[in-house]
Amino acid sequence: MERVPNLTRADVVSAVRNPLAFIADRWTPNPRTVQRAALAALAMAVVIVVTGG
């Protein structure tokens, strides 16, 4: 796991303006993480449908 660099004042201002872009600049998931998240989301959607919400 990589170390996260220290935040500067400009980073904080940018995070307040657009938090999602700030997160995307600092962390990009690897494909395996995205696949696991998609599978978990699919499984939970199936559980919700089967149980009737």
# chains A, B, ... in the order shown; residues from 1 in each chain; ligands from 1
call {"tool": "select_by_dssp", "arguments": {"residues": "chain A", "states": "helix (DSSP H, G or I)", "output": "ChimeraX atom specification"}}
result
/A:9-17,19-26,31-51
call {"tool": "write_last_selection", "arguments": {"atoms": "N, CA and C atoms", "output": "CSV table (one decimal), in the first residue's frame"}}
result
chain,number,residue,atom,x,y,z
A,9,ARG,N,-2.7,23.3,1.9
A,9,ARG,CA,-3.9,24.2,2.0
A,9,ARG,C,-4.7,24.1,0.6
A,10,ALA,N,-3.9,24.1,-0.5
A,10,ALA,CA,-4.6,24.0,-1.8
A,10,ALA,C,-5.4,22.7,-1.9
A,11,ASP,N,-4.8,21.6,-1.4
A,11,ASP,CA,-5.6,20.4,-1.4
A,11,ASP,C,-6.9,20.4,-0.7
A,12,VAL,N,-6.9,21.1,0.5
A,12,VAL,CA,-8.1,21.2,1.3
A,12,VAL,C,-9.1,22.1,0.5
A,13,VAL,N,-8.7,23.2,-0.1
A,13,VAL,CA,-9.6,24.0,-0.8
A,13,VAL,C,-10.2,23.2,-2.0
A,14,SER,N,-9.4,22.5,-2.7
A,14,SER,CA,-9.8,21.7,-3.8
A,14,SER,C,-10.8,20.6,-3.4
A,15,ALA,N,-10.6,20.0,-2.2
A,15,ALA,CA,-11.5,19.0,-1.7
A,15,ALA,C,-12.8,19.5,-1.3
A,16,VAL,N,-12.9,20.8,-0.8
A,16,VAL,CA,-14.1,21.4,-0.5
A,16,VAL,C,-14.9,21.7,-1.7
A,17,ARG,N,-14.2,22.1,-2.8
A,17,ARG,CA,-14.9,22.5,-4.0
A,17,ARG,C,-15.5,21.2,-4.7
A,19,PRO,N,-15.2,17.2,-3.8
A,19,PRO,CA,-14.7,16.1,-3.1
A,19,PRO,C,-14.4,14.8,-3.9
A,20,LEU,N,-15.2,14.5,-4.9
A,20,LEU,CA,-15.0,13.3,-5.6
A,20,LEU,C,-13.8,13.4,-6.5
A,21,ALA,N,-13.5,14.5,-7.1
A,21,ALA,CA,-12.3,14.7,-7.9
A,21,ALA,C,-11.1,14.6,-7.0
A,22,PHE,N,-11.2,15.1,-5.8
A,22,PHE,CA,-10.1,15.1,-4.8
A,22,PHE,C,-9.8,13.6,-4.5
A,23,ILE,N,-10.8,12.8,-4.2
A,23,ILE,CA,-10.6,11.4,-3.9
A,23,ILE,C,-10.0,10.7,-5.1
A,24,ALA,N,-10.5,11.0,-6.3
A,24,ALA,CA,-10.0,10.3,-7.5
A,24,ALA,C,-8.5,10.7,-7.8
A,25,ASP,N,-8.1,11.9,-7.4
A,25,ASP,CA,-6.7,12.3,-7.6
A,25,ASP,C,-5.8,11.5,-6.6
A,26,ARG,N,-6.3,11.3,-5.4
A,26,ARG,CA,-5.4,10.7,-4.4
A,26,ARG,C,-5.5,9.1,-4.4
A,31,PRO,N,-8.1,-2.9,-10.6
A,31,PRO,CA,-9.3,-3.6,-11.2
A,31,PRO,C,-9.9,-4.7,-10.3
A,32,ARG,N,-9.1,-5.3,-9.6
A,32,ARG,CA,-9.6,-6.4,-8.7
A,32,ARG,C,-10.5,-5.8,-7.6
A,33,THR,N,-10.2,-4.6,-7.1
A,33,THR,CA,-11.1,-4.0,-6.1
A,33,THR,C,-12.4,-3.6,-6.7
A,34,VAL,N,-12.4,-3.1,-8.0
A,34,VAL,CA,-13.6,-2.7,-8.7
A,34,VAL,C,-14.4,-4.0,-8.9
A,35,GLN,N,-13.8,-5.1,-9.3
A,35,GLN,CA,-14.6,-6.3,-9.6
A,35,GLN,C,-15.2,-6.8,-8.3
A,36,ARG,N,-14.5,-6.8,-7.2
A,36,ARG,CA,-15.1,-7.2,-5.9
A,36,ARG,C,-16.3,-6.3,-5.5
A,37,ALA,N,-16.1,-5.0,-5.7
A,37,ALA,CA,-17.2,-4.1,-5.3
A,37,ALA,C,-18.4,-4.3,-6.2
A,38,ALA,N,-18.2,-4.6,-7.5
A,38,ALA,CA,-19.3,-4.8,-8.4
A,38,ALA,C,-20.1,-6.1,-8.0
A,39,LEU,N,-19.3,-7.1,-7.7
A,39,LEU,CA,-19.9,-8.4,-7.3
A,39,LEU,C,-20.7,-8.3,-6.0
A,40,ALA,N,-20.1,-7.5,-5.1
A,40,ALA,CA,-20.8,-7.3,-3.8
A,40,ALA,C,-22.1,-6.5,-4.0
A,41,ALA,N,-22.1,-5.5,-4.9
A,41,ALA,CA,-23.3,-4.8,-5.2
A,41,ALA,C,-24.4,-5.6,-5.9
A,42,LEU,N,-23.9,-6.5,-6.8
A,42,LEU,CA,-24.8,-7.4,-7.5
A,42,LEU,C,-25.5,-8.4,-6.5
A,43,ALA,N,-24.7,-8.9,-5.6
A,43,ALA,CA,-25.2,-9.9,-4.6
A,43,ALA,C,-26.2,-9.2,-3.7
A,44,MET,N,-25.9,-8.0,-3.3
A,44,MET,CA,-26.9,-7.3,-2.4
A,44,MET,C,-28.1,-6.9,-3.1
A,45,ALA,N,-28.1,-6.6,-4.4
A,45,ALA,CA,-29.3,-6.3,-5.2
A,45,ALA,C,-30.1,-7.6,-5.3
A,46,VAL,N,-29.5,-8.7,-5.5
A,46,VAL,CA,-30.2,-10.0,-5.6
A,46,VAL,C,-30.9,-10.3,-4.2
A,47,VAL,N,-30.2,-10.1,-3.1
A,47,VAL,CA,-30.7,-10.3,-1.8
A,47,VAL,C,-32.0,-9.4,-1.6
A,48,ILE,N,-31.9,-8.1,-2.0
A,48,ILE,CA,-33.0,-7.2,-1.8
A,48,ILE,C,-34.2,-7.7,-2.6
A,49,VAL,N,-34.0,-8.1,-3.8
A,49,VAL,CA,-35.1,-8.5,-4.7
A,49,VAL,C,-35.7,-9.8,-4.2
A,50,VAL,N,-34.9,-10.8,-3.7
A,50,VAL,CA,-35.4,-12.0,-3.3
A,50,VAL,C,-36.2,-11.9,-2.0
A,51,THR,N,-35.7,-11.0,-1.1
A,51,THR,CA,-36.4,-10.8,0.2
A,51,THR,C,-37.6,-9.9,0.1
